[in-house]
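Engineer: If it helps, the file is called query-v5.cif and holds mmCIF, C-alpha atoms:
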```
data_input
loop_
_atom_site.label_atom_id
_atom_site.label_comp_id
_atom_site.auth_asym_id
_atom_site.auth_seq_id
_atom_site.Cartn_x
_atom_site.Cartn_y
_atom_site.Cartn_z
CA MET A 28 19.68 -26.12 9.91
CA GLN A 29 21.89 -24.11 7.53
CA PRO A 30 21.45 -20.34 8.09
CA PHE A 31 20.08 -18.14 5.32
CA THR A 32 22.48 -15.40 4.22
CA GLY A 33 20.31 -13.28 1.88
CA SER A 34 19.16 -9.73 2.63
CA PHE A 35 15.46 -9.02 3.15
CA THR A 36 15.98 -5.34 2.30
CA GLN A 37 18.09 -5.68 -0.86
CA GLN A 38 16.21 -4.64 -3.98
CA GLU A 39 17.13 -5.42 -7.56
CA PRO A 40 19.34 -2.78 -9.19
CA ILE A 41 17.76 -0.03 -11.25
CA ALA A 42 17.88 -1.26 -14.85
CA ASP A 43 20.17 0.27 -17.44
CA ASP A 44 17.35 1.88 -19.45
CA ALA A 45 16.10 3.66 -16.31
CA ILE A 46 19.64 4.76 -15.43
CA LYS A 47 20.09 6.10 -18.96
CA ALA A 48 16.81 8.04 -18.72
CA ALA A 49 17.83 9.47 -15.34
CA VAL A 50 21.23 10.57 -16.68
CA GLU A 51 19.50 12.36 -19.56
CA VAL A 52 17.37 14.30 -17.07
CA LEU A 53 20.42 15.15 -14.96
CA ARG A 54 22.32 16.37 -18.01
CA SER A 55 19.37 18.55 -19.00
CA GLY A 56 19.28 20.18 -15.57
CA ARG A 57 15.47 20.27 -15.87
CA LEU A 58 14.44 18.28 -12.82
CA HIS A 59 11.30 20.26 -11.98
CA ARG A 60 8.20 18.75 -13.55
CA TYR A 61 7.06 22.02 -15.13
CA ASN A 62 10.48 22.92 -16.55
CA THR A 63 9.53 21.89 -20.09
CA VAL A 64 10.21 23.27 -23.54
CA GLY A 65 7.47 24.09 -26.00
CA THR A 66 4.74 21.47 -26.13
CA GLU A 67 6.74 18.58 -24.66
CA LEU A 68 5.09 16.78 -21.75
CA GLY A 69 8.20 16.02 -19.73
CA PRO A 70 8.93 12.78 -17.82
CA VAL A 71 6.39 13.31 -15.01
CA ALA A 72 3.51 14.01 -17.37
CA GLU A 73 4.54 11.09 -19.60
CA LEU A 74 4.52 8.85 -16.53
CA GLU A 75 1.06 10.11 -15.50
CA LYS A 76 -0.25 9.34 -18.97
CA ALA A 77 1.27 5.85 -18.96
CA TYR A 78 0.14 4.97 -15.43
CA ALA A 79 -3.42 6.15 -16.08
CA ALA A 80 -3.51 3.85 -19.13
CA TYR A 81 -2.11 0.93 -17.12
CA GLN A 82 -4.56 1.48 -14.29
CA GLY A 83 -7.51 2.06 -16.63
CA SER A 84 -8.22 5.41 -14.98
CA ALA A 85 -9.16 8.67 -16.65
CA TYR A 86 -6.75 10.73 -14.53
CA CYS A 87 -3.46 10.31 -12.71
CA LEU A 88 -1.38 12.63 -10.54
CA ALA A 89 2.25 11.78 -9.76
CA CYS A 90 3.32 13.05 -6.34
CA THR A 91 5.92 12.76 -3.60
CA SER A 92 4.64 9.70 -1.74
CA GLY A 93 1.74 7.35 -1.18
CA GLY A 94 1.05 9.08 2.12
CA TYR A 95 0.82 12.43 0.35
CA ALA A 96 -1.57 10.86 -2.20
CA MET A 97 -3.85 9.67 0.63
CA ALA A 98 -3.90 13.02 2.43
CA THR A 99 -4.49 14.82 -0.86
CA ALA A 100 -7.36 12.48 -1.71
CA LEU A 101 -9.00 13.25 1.62
CA ARG A 102 -8.53 17.00 1.13
CA ALA A 103 -9.86 16.85 -2.43
CA LEU A 104 -12.90 15.04 -1.06
CA GLY A 105 -13.41 17.79 1.49
CA ALA A 106 -12.50 15.83 4.63
CA GLY A 107 -11.37 17.90 7.58
CA PRO A 108 -11.72 18.54 11.31
CA GLY A 109 -14.74 16.88 12.87
CA ASP A 110 -15.11 14.32 10.07
CA ALA A 111 -14.85 10.60 10.74
CA VAL A 112 -12.87 8.47 8.30
CA LEU A 113 -13.02 4.69 8.63
CA THR A 114 -9.88 2.62 8.05
CA ASN A 115 -8.44 -0.77 8.93
CA GLY A 116 -7.42 -1.47 12.49
CA PHE A 117 -4.44 -3.28 10.95
CA THR A 118 -2.45 -1.06 8.60
CA LEU A 119 0.78 0.90 8.50
CA ALA A 120 1.14 4.26 10.22
CA PRO A 121 0.97 6.47 7.07
CA VAL A 122 -2.72 5.58 6.69
CA PRO A 123 -3.97 6.97 10.03
CA GLY A 124 -1.26 9.59 9.54
CA ALA A 125 -2.97 10.83 6.36
CA ILE A 126 -6.28 11.06 8.23
CA ALA A 127 -4.60 13.00 11.05
CA ALA A 128 -2.94 15.29 8.48
CA VAL A 129 -6.31 16.70 7.41
CA GLY A 130 -7.55 16.97 11.00
CA ALA A 131 -10.14 14.19 10.62
CA ASP A 132 -10.78 11.42 13.14
CA ALA A 133 -9.68 7.87 12.31
CA VAL A 134 -12.33 5.28 13.17
CA LEU A 135 -10.68 1.88 13.20
CA VAL A 136 -12.41 -1.19 11.80
CA GLU A 137 -11.84 -4.78 12.92
CA ILE A 138 -10.10 -7.23 10.58
CA THR A 139 -10.58 -10.94 9.97
CA SER A 140 -7.99 -13.70 10.26
CA ASP A 141 -7.51 -13.32 6.48
CA LEU A 142 -6.18 -9.79 7.21
CA VAL A 143 -9.03 -7.92 5.49
CA LEU A 144 -11.79 -5.62 6.72
CA ASP A 145 -14.58 -7.16 8.76
CA LEU A 146 -17.49 -5.90 6.65
CA ALA A 147 -20.02 -6.34 9.46
CA ASP A 148 -17.92 -3.98 11.58
CA VAL A 149 -17.67 -1.55 8.64
CA GLU A 150 -21.44 -1.30 8.48
CA GLU A 151 -21.82 -0.98 12.23
CA LYS A 152 -19.31 1.89 12.36
CA ILE A 153 -20.81 3.64 9.35
CA GLU A 154 -24.16 3.66 11.13
CA ALA A 155 -22.52 4.90 14.35
CA THR A 156 -20.32 7.66 12.89
CA SER A 157 -21.70 8.76 9.47
CA PRO A 158 -18.15 8.94 8.05
CA LYS A 159 -16.90 11.29 5.36
CA ALA A 160 -15.14 8.35 3.67
CA VAL A 161 -13.74 4.88 4.06
CA MET A 162 -9.97 4.74 3.56
CA LEU A 163 -9.49 1.08 2.65
CA SER A 164 -5.97 -0.17 3.28
CA ASN A 165 -5.20 -3.23 1.16
CA MET A 166 -2.71 -4.08 3.85
CA ARG A 167 0.18 -6.36 2.85
CA GLY A 168 -1.57 -7.06 -0.47
CA HIS A 169 -4.78 -8.65 0.84
CA LEU A 170 -8.02 -7.65 -0.93
CA CYS A 171 -11.37 -7.97 0.80
CA ASP A 172 -14.52 -8.89 -1.14
CA MET A 173 -14.59 -5.70 -3.20
CA ASP A 174 -18.05 -6.41 -4.63
CA ALA A 175 -19.52 -6.74 -1.14
CA LEU A 176 -17.67 -3.67 0.17
CA THR A 177 -18.68 -1.38 -2.68
CA ALA A 178 -22.30 -2.55 -2.47
CA LEU A 179 -22.28 -1.77 1.27
CA LEU A 180 -20.79 1.69 0.72
CA ASP A 181 -23.22 2.45 -2.10
CA ARG A 182 -26.14 1.62 0.21
CA HIS A 183 -24.86 4.13 2.75
CA ASN A 184 -23.59 6.67 0.18
CA VAL A 185 -20.06 6.67 1.63
CA PRO A 186 -17.12 7.42 -0.71
CA LEU A 187 -14.22 4.96 -0.95
CA ILE A 188 -10.52 5.85 -1.13
CA GLU A 189 -8.20 2.89 -1.70
CA ASP A 190 -4.69 2.68 -0.25
CA CYS A 191 -3.00 0.47 -2.85
CA ALA A 192 0.58 0.77 -1.64
CA HIS A 193 0.71 -3.04 -1.51
CA THR A 194 -1.65 -3.80 -4.41
CA MET A 195 -0.23 -1.97 -7.42
CA GLY A 196 -1.25 -4.24 -10.31
CA ALA A 197 -3.56 -6.40 -8.21
CA ALA A 198 -7.15 -6.94 -9.30
CA TRP A 199 -10.55 -8.20 -8.20
CA ASN A 200 -12.53 -10.03 -10.89
CA GLY A 201 -10.20 -8.46 -13.46
CA ARG A 202 -10.77 -4.90 -12.20
CA LYS A 203 -7.63 -3.15 -10.98
CA SER A 204 -7.19 -2.41 -7.32
CA GLY A 205 -7.61 1.33 -6.90
CA SER A 206 -10.49 1.67 -9.36
CA PHE A 207 -13.40 0.80 -7.04
CA GLY A 208 -13.87 4.17 -5.36
CA ILE A 209 -13.33 7.84 -6.04
CA ALA A 210 -9.56 7.46 -5.75
CA GLY A 211 -6.69 4.99 -5.73
CA CYS A 212 -3.47 5.86 -3.88
CA PHE A 213 -0.17 4.18 -4.79
CA SER A 214 3.41 4.26 -3.53
CA THR A 215 6.73 3.98 -5.35
CA GLN A 216 8.81 3.90 -2.18
CA THR A 217 11.79 1.53 -2.41
CA TYR A 218 10.02 -1.47 -0.86
CA LYS A 219 6.93 -1.22 -3.06
CA HIS A 220 6.31 -2.58 -6.56
CA MET A 221 8.14 0.15 -8.44
CA ASN A 222 11.16 1.84 -6.90
CA SER A 223 11.98 5.55 -6.98
CA GLY A 224 13.06 5.82 -3.35
CA GLU A 225 9.97 7.86 -2.58
CA GLY A 226 6.99 8.74 -4.77
CA GLY A 227 3.34 8.01 -5.39
CA PHE A 228 0.30 8.22 -7.65
CA LEU A 229 -3.27 9.33 -7.17
CA THR A 230 -5.78 8.05 -9.73
CA SER A 231 -9.46 8.85 -10.27
CA ASP A 232 -12.24 9.06 -12.86
CA ASP A 233 -13.82 12.13 -11.22
CA PRO A 234 -12.75 15.34 -13.02
CA GLU A 235 -13.52 17.86 -10.27
CA PHE A 236 -11.90 15.67 -7.62
CA MET A 237 -8.75 15.34 -9.71
CA ALA A 238 -8.66 19.05 -10.55
CA ARG A 239 -8.66 19.82 -6.81
CA ALA A 240 -5.92 17.23 -6.24
CA ILE A 241 -3.75 18.70 -9.00
CA MET A 242 -4.12 22.20 -7.57
CA LEU A 243 -3.37 20.90 -4.08
CA SER A 244 -0.21 19.23 -5.39
CA GLY A 245 1.26 22.60 -6.32
CA SER A 246 0.57 22.99 -10.03
CA TYR A 247 0.19 26.78 -9.78
CA MET A 248 -1.59 27.56 -13.08
CA LEU A 249 0.36 24.95 -15.05
CA TYR A 250 -2.28 22.19 -14.89
CA ASP A 251 -2.27 21.99 -18.70
CA ARG A 252 1.20 20.41 -18.47
CA HIS A 253 -0.16 17.20 -16.94
CA GLY A 254 -0.34 13.95 -18.85
CA ALA A 255 -3.66 12.69 -17.52
CA ALA A 256 -5.64 15.67 -16.23
CA PRO A 257 -9.22 16.92 -16.65
CA ALA A 258 -10.05 19.47 -19.35
CA PRO A 259 -8.90 23.07 -18.64
CA GLU A 260 -12.45 24.32 -18.10
CA VAL A 261 -12.83 22.05 -15.06
CA PHE A 262 -10.18 24.18 -13.33
CA THR A 263 -11.92 27.53 -13.91
CA ASP A 264 -13.09 28.03 -10.30
CA ILE A 265 -11.15 25.21 -8.62
CA ARG A 266 -7.81 26.86 -9.50
CA LEU A 267 -8.78 29.92 -7.46
CA ASP A 268 -10.42 28.16 -4.52
CA THR A 269 -7.83 25.44 -3.80
CA PRO A 270 -4.68 25.98 -1.71
CA ASN A 271 -1.21 24.91 -2.86
CA MET A 272 0.21 22.12 -0.65
CA SER A 273 3.25 21.29 -2.72
CA GLY A 274 3.87 17.60 -3.25
CA ARG A 275 5.02 17.31 -6.86
CA MET A 276 7.00 14.41 -8.25
CA ASP A 277 10.19 15.50 -10.02
CA ASN A 278 11.44 14.48 -13.45
CA LEU A 279 14.33 12.45 -12.08
CA ARG A 280 12.08 10.04 -10.19
CA ALA A 281 9.64 9.86 -13.09
CA SER A 282 12.44 8.97 -15.49
CA ILE A 283 13.40 6.03 -13.26
CA LEU A 284 9.81 4.82 -12.93
CA LEU A 285 8.61 4.88 -16.53
CA PRO A 286 10.81 1.95 -17.69
CA GLN A 287 9.83 -0.01 -14.56
CA LEU A 288 6.14 0.23 -15.46
CA SER A 289 6.73 -1.84 -18.59
CA ARG A 290 8.13 -4.65 -16.42
CA LEU A 291 5.54 -4.53 -13.64
CA GLU A 292 3.37 -7.40 -14.91
CA THR A 293 6.41 -9.67 -15.30
CA ASN A 294 7.56 -8.78 -11.80
CA ILE A 295 4.14 -9.55 -10.34
CA ASP A 296 4.41 -13.08 -11.75
CA ARG A 297 7.91 -13.37 -10.27
CA TRP A 298 6.72 -12.21 -6.83
CA ASN A 299 3.78 -14.58 -6.86
CA ALA A 300 5.94 -17.57 -7.75
CA ARG A 301 8.09 -16.84 -4.71
CA HIS A 302 5.17 -16.08 -2.42
CA ASP A 303 3.25 -19.20 -3.43
CA LEU A 304 6.26 -21.44 -2.91
CA VAL A 305 6.59 -20.22 0.69
CA ALA A 306 2.83 -20.37 1.29
CA ASP A 307 2.45 -23.88 -0.11
CA ARG A 308 5.34 -25.13 2.01
CA LEU A 309 3.86 -23.76 5.24
CA ARG A 310 0.12 -24.09 4.63
CA GLY A 311 -1.34 -26.92 6.71
CA MET A 312 1.61 -27.06 9.09
CA ASN A 313 0.66 -27.55 12.74
CA GLY A 314 0.30 -24.23 14.55
CA ILE A 315 0.31 -22.08 11.38
CA TYR A 316 -2.57 -20.40 9.54
CA VAL A 317 -1.83 -18.93 6.11
CA PRO A 318 -4.50 -16.32 5.24
CA HIS A 319 -6.99 -17.55 2.65
CA ARG A 320 -7.40 -15.66 -0.62
CA LEU A 321 -10.63 -15.70 -2.62
CA GLU A 322 -10.52 -16.91 -6.22
CA GLN A 323 -11.58 -13.47 -7.52
CA GLU A 324 -8.35 -11.94 -6.22
CA ARG A 325 -5.24 -11.42 -8.30
CA TYR A 326 -2.67 -10.44 -5.69
CA VAL A 327 0.92 -9.23 -5.66
CA GLY A 328 2.93 -11.47 -3.33
CA SER A 329 5.78 -9.13 -2.45
CA SER A 330 5.41 -10.09 1.20
CA PHE A 331 4.19 -13.12 3.13
CA GLN A 332 2.13 -13.34 6.33
CA PHE A 333 1.18 -16.20 8.59
CA LEU A 334 -0.62 -16.47 11.91
CA MET A 335 0.12 -18.56 14.97
CA PRO A 336 -3.42 -18.27 16.41
CA GLU A 337 -2.98 -20.54 19.42
CA ALA A 338 0.56 -19.52 20.38
CA SER A 339 1.47 -17.52 23.46
CA LYS A 340 3.43 -14.29 23.13
CA GLU A 341 6.45 -16.10 24.51
CA THR A 342 6.19 -18.73 21.79
CA VAL A 343 5.83 -16.14 19.02
CA GLN A 344 8.86 -14.27 20.38
CA GLN A 345 10.83 -17.52 20.29
CA VAL A 346 9.92 -17.92 16.62
CA VAL A 347 11.06 -14.38 15.81
CA THR A 348 14.31 -14.83 17.75
CA GLY A 349 14.99 -18.32 16.38
CA ALA A 350 14.36 -17.25 12.78
CA LYS A 351 16.62 -14.21 13.16
CA ALA A 352 19.42 -16.43 14.47
CA LEU A 353 19.13 -18.41 11.23
CA GLY A 354 19.07 -15.28 9.03
CA VAL A 355 15.31 -14.93 8.49
CA GLU A 356 13.75 -11.56 9.37
CA LEU A 357 10.18 -11.92 10.63
CA LYS A 358 8.25 -8.84 11.73
CA TRP A 359 5.74 -9.23 14.55
CA PHE A 360 2.78 -6.85 14.63
CA GLY A 361 1.71 -8.06 18.08
CA ALA A 362 4.84 -7.08 19.99
CA ASP A 363 4.45 -4.86 23.03
CA SER A 364 6.51 -2.05 21.44
CA PRO A 365 6.70 -1.01 17.78
CA VAL A 366 9.82 -2.11 15.90
CA GLY A 367 10.63 -0.56 12.52
CA PHE A 368 7.41 -0.30 10.53
CA THR A 369 5.45 -2.76 12.68
CA SER A 370 3.53 -0.27 14.80
CA ASN A 371 -0.09 -1.09 15.57
CA HIS A 372 -3.06 1.00 16.63
CA GLN A 373 -2.10 0.91 20.30
CA SER A 374 1.05 2.95 19.56
CA TRP A 375 -0.71 5.59 17.42
CA ARG A 376 -1.24 8.11 20.21
CA TYR A 377 -2.52 10.69 17.70
CA VAL A 378 -5.57 8.43 17.16
CA THR A 379 -8.28 8.22 19.81
CA PRO A 380 -7.80 4.87 21.62
CA GLN A 381 -10.29 2.29 20.39
CA ASP A 382 -11.31 -1.19 21.46
CA LEU A 383 -10.46 -3.77 18.77
CA PRO A 384 -10.49 -7.17 20.48
CA LYS A 385 -10.68 -9.23 17.26
CA THR A 386 -7.85 -7.32 15.62
CA ASP A 387 -5.67 -7.46 18.73
CA ALA A 388 -6.13 -11.23 18.98
CA ILE A 389 -5.07 -11.62 15.35
CA LEU A 390 -2.06 -9.29 15.64
CA ALA A 391 -0.85 -11.18 18.72
CA GLY A 392 0.08 -14.09 16.49
CA LEU A 393 0.77 -12.34 13.16
CA LEU A 394 4.19 -12.61 11.54
CA ASP A 395 5.24 -10.85 8.36
CA MET A 396 8.14 -11.17 5.91
CA ARG A 397 9.31 -9.28 2.84
CA ILE A 398 9.96 -11.27 -0.34
CA PRO A 399 12.41 -9.26 -2.46
CA LEU A 400 12.94 -10.23 -6.08
CA THR A 401 16.62 -10.67 -5.28
CA PHE A 402 15.57 -14.01 -3.71
CA SER A 403 15.65 -17.05 -5.98
CA LEU A 404 13.04 -19.80 -5.71
CA ALA A 405 15.68 -21.89 -3.93
CA ASP A 406 16.19 -19.04 -1.45
CA CYS A 407 12.44 -18.98 -0.77
CA ALA A 408 12.37 -22.73 -0.18
CA HIS A 409 15.27 -22.34 2.25
CA VAL A 410 13.50 -19.52 4.10
CA ALA A 411 10.27 -21.54 4.33
CA ASP A 412 12.16 -24.53 5.73
CA ILE A 413 13.76 -22.31 8.39
CA ILE A 414 10.36 -20.95 9.40
CA ALA A 415 8.93 -24.47 9.62
CA HIS A 416 11.89 -25.56 11.71
CA VAL A 417 11.73 -22.70 14.24
CA VAL A 418 7.92 -22.88 14.54
CA ALA A 419 8.02 -26.63 15.22
CA ARG A 420 10.79 -26.16 17.76
CA ALA A 421 8.98 -23.30 19.53
CA LEU A 422 5.70 -25.18 19.69
CA GLN A 423 7.45 -28.27 21.03
CA LYS A 424 9.15 -26.19 23.70
CA GLY A 425 5.85 -24.50 24.57
CA ALA A 426 4.15 -27.88 24.99
CA ALA A 427 6.90 -29.25 27.21
#
```
Mind turning this structure into structure tokens?

Structural biologist:
Amino acid sequence: MQPFTGSFTQQEPIADDAIKAAVEVLRSGRLHRYNTVGTELGPVAELEKAYAAYQGSAYCLACTSGGYAMATALRALGAGPGDAVLTNGFTLAPVPGAIAAVGADAVLVEITSDLVLDLADVEEKIEATSPKAVMLSNMRGHLCDMDALTALLDRHNVPLIEDCAHTMGAAWNGRKSGSFGIAGCFSTQTYKHMNSGEGGFLTSDDPEFMARAIMLSGSYMLYDRHGAAPAPEVFTDIRLDTPNMSGRMDNLRASILLPQLSRLETNIDRWNARHDLVADRLRGMNGIYVPHRLEQERYVGSSFQFLMPEASKETVQQVVTGAKALGVELKWFGADSPVGFTSNHQSWRYVTPQDLPKTDAILAGLLDMRIPLTFSLADCAHVADIIAHVVARALQKGAA
């Protein structure tokens, strides 16, 4: 088998129009979002206005990261010490980290083999804990049945915050991910769907919630310089009651992001073509389960996951090692120790230990792979063939 020589962490270059916009900001010297002249909005406010329109939300706040957006959403909702917040048992560490940041208690929910929330477990844990909110992590771009989830939360009067770091541009029945609850939280970290190194958005249709979030972000009394903010009168009392927890996006990052937004839909199609090629090549192969997606879901396939549900840990490790030897980087969320970003709930010592037998069984055989747009379709076919080869070899060895 010919090794693969591409890089799983190499992103496409920042386009010339974004570079030009960034140079203009640098030459101006006005990098701070509120360093504007006259009535101009400035790059951050222009980006907020554009992203709110894209998302179909009334309001948008640009901030320093997706993790900051999540913690700010919880604070703006009033979550704090003693409050329970439900979230996925399978997610990345910034999600329970945001819950810990406000002093709340993360209550972890089981997932299904399709890598989405187990809604029966959601209801059971709502009844047991009376949570302040559900922080839904659309982990690795997989959407649960959003109609069923929102109906369940409405019955119990529990607010929903969506972590959309992996679902920017995704939709359920034509409705954008991030628009189902009180807030949507997005990331523009390098490995997400728009790239500013670090950055994020918080969107909402609730004016008082967003006014609190804007004040929390460090607007001082300059909230009128936002591109998608509530009316000034909404801030009358909130501006005096809300602490400043600075997390503003700067004009340099905004200038890089605004041109990328116009290409997001095209890039989603490019990601999905690559994802689907890999998925179709591996779906149905002996020993592999590719998570099923419901027809209502429009996803963003910037990464690919598959399960080896019957494999031993030794066999899964052989797949990881064999793929790496042939140039393919697979991340294993069921390893005994966290590697890179692949930590799981058992290594989050800041979260009360919880029993998640279904989730643990799924993670034991779960493998994950980035799909950068620097890969061609031929590259993706090559990667899929390597995965098929090492899985078949590992399973044959395990059966011997």

Engineer: What residues come out when you apply the PyMOL selection byres ((chain A and resi 313) around 12) to this file, written as a ChimeraX atom specification?

Structural biologist: /A:308-312,314-317,334-338,415-416,418-423

Engineer: Which is closest to Gly226 in chain A among A:Arg275, A:His59, A:Arg301, A:His372, if we use all atoms listed in the file?

Structural biologist: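 Of A:Arg275, A:His59, A:Arg301, A:His372, the one nearest Gly226 in chain A is A:Arg275, counting all atoms listed in the file.
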
Engineer: Which residues, named as in the file, does the PyMOL selection byres ((chain A and resi 266-270) around 10) pick out? Answer as a ChimeraX atom specification.

Structural biologist: /A:102-103,238-248,250,259,261-265,271-273

Engineer: Given the file shown, determine the residues that the PyMOL selection byres ((chain A and resi 282) around 7) selects; report them as a list in words.

Structural biologist: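 Taken on the displayed file, the PyMOL selection byres ((chain A and resi 282) around 7) yields the residues Ala45, Ala48, Ala49, Pro70, Asn278, Leu279, Arg280, Ala281, Ile283, Leu284 and Leu285 of chain A.
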
Engineer: Of the residues A:Met97, A:Ile41, A:Ala79, A:Val417, which is the one nearest to Thr217 in chain A, using all atoms listed in the file?

Structural biologist: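 Looking only at the distances to Thr217 in chain A, the closest residue turns out to be A:Ile41.
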
Engineer: Neighbourhood query: residues within 10 Å of (22.1, -13.4, 3.2), file coordinates, counting only C-alpha atoms; return as a ChimeraX atom specification.

Structural biologist: /A:30-35,37,353-355,402,406

Engineer: So, counting only C-alpha atoms, which residue among A:Ser231, A:Ser157, A:Asn371, A:Gln323 is closest to Leu104 in chain A?

Structural biologist: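 Closest candidate: A:Ser231.
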
Engineer: Please identify every residue of range 351-406 of chain A that has at least one atom no farther than 10 Å from an atom of range 132-137 of chain A, counting all atoms listed in the file, and for each give the shortest atom pair and the distance in Å to one decimal, arranged by chain then increasing number, as CSV.

Structural biologist:
```
residue,atom,partner,partner_atom,distance
A:His372,CA,A:Leu135,CA,8.4
A:Tyr377,CA,A:Ala133,CA,9.4
A:Val378,CA,A:Ala133,CA,6.4
A:Thr379,CA,A:Ala133,CA,7.6
A:Pro380,CA,A:Leu135,CA,9.4
A:Gln381,CA,A:Leu135,CA,7.2
A:Asp382,CA,A:Leu135,CA,8.8
A:Leu383,CA,A:Glu137,CA,6.1
A:Pro384,CA,A:Glu137,CA,8.0
A:Lys385,CA,A:Glu137,CA,6.3
A:Thr386,CA,A:Glu137,CA,5.4
A:Asp387,CA,A:Glu137,CA,8.9
A:Ile389,CA,A:Glu137,CA,9.9
```

Engineer: Find the residues near Leu229 in chain A: any atom within 7 Å, counting all atoms listed in the file, skip ones fewer than 3 places away on the same chain, and give them as a list in words.

Structural biologist: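 After dropping sequence-adjacent residues, the list is Cys87, Leu88, Ala89, Ala96, Ala210, Gly211, Cys212 and Phe213 of chain A.
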
Engineer: Using CA of Lys358 in chain A and CA of Ile295 in chain A as the two end points, give the distance in Å to one decimal.

Structural biologist: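 Distance between the two atoms: 22.5 Å.
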
Engineer: I need every residue sitting at most 10 Å from the point (4.8, -11.9, 4.7) (coordinates as in the file, only C-alpha atoms considered), written as a ChimeraX atom specification.

Structural biologist: /A:167-168,302,305-306,317,328-333,357-358,393-398

Engineer: Please produce a file of those selected residues containing C-alpha atoms, as a short mmCIF file (atom, residue, chain, number, x, y, z; two decimals), in the coordinates of the input.

Structural biologist:
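The result, written out as result.cif:
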```cif
data_model
loop_
_atom_site.label_atom_id
_atom_site.label_comp_id
_atom_site.auth_asym_id
_atom_site.auth_seq_id
_atom_site.Cartn_x
_atom_site.Cartn_y
_atom_site.Cartn_z
CA ARG A 167 0.18 -6.36 2.85
CA GLY A 168 -1.57 -7.06 -0.47
CA HIS A 302 5.17 -16.08 -2.42
CA VAL A 305 6.59 -20.22 0.69
CA ALA A 306 2.83 -20.37 1.29
CA VAL A 317 -1.83 -18.93 6.11
CA GLY A 328 2.93 -11.47 -3.33
CA SER A 329 5.78 -9.13 -2.45
CA SER A 330 5.41 -10.09 1.20
CA PHE A 331 4.19 -13.12 3.13
CA GLN A 332 2.13 -13.34 6.33
CA PHE A 333 1.18 -16.20 8.59
CA LEU A 357 10.18 -11.92 10.63
CA LYS A 358 8.25 -8.84 11.73
CA LEU A 393 0.77 -12.34 13.16
CA LEU A 394 4.19 -12.61 11.54
CA ASP A 395 5.24 -10.85 8.36
CA MET A 396 8.14 -11.17 5.91
CA ARG A 397 9.31 -9.28 2.84
CA ILE A 398 9.96 -11.27 -0.34
#
```

Engineer: So what do you get for CA of Leu304 in chain A versus CA of Thr369 in chain A, distance-wise?

Structural biologist: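 Spanning CA of Leu304 in chain A to CA of Thr369 in chain A is a straight-line distance of 24.3 Å.
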
Engineer: Export range 248-262 of chain A of the preceding structure, keeping C-alpha atoms, as a CSV table (one decimal), in the first residue's frame.

Structural biologist:
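Writing done, so here's out-v5.csv:
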```csv
chain,number,residue,atom,x,y,z
A,248,MET,CA,-20.7,51.9,27.1
A,249,LEU,CA,-20.0,51.5,23.4
A,250,TYR,CA,-22.7,49.0,22.6
A,251,ASP,CA,-24.1,51.3,20.0
A,252,ARG,CA,-21.0,50.5,17.9
A,253,HIS,CA,-22.2,46.9,17.3
A,254,GLY,CA,-23.4,45.7,13.9
A,255,ALA,CA,-26.2,43.4,15.2
A,256,ALA,CA,-27.2,44.5,18.7
A,257,PRO,CA,-30.5,45.2,20.5
A,258,ALA,CA,-31.8,48.8,20.6
A,259,PRO,CA,-30.1,51.2,23.0
A,260,GLU,CA,-33.0,51.2,25.5
A,261,VAL,CA,-32.5,47.5,26.2
A,262,PHE,CA,-29.2,48.3,27.8
```
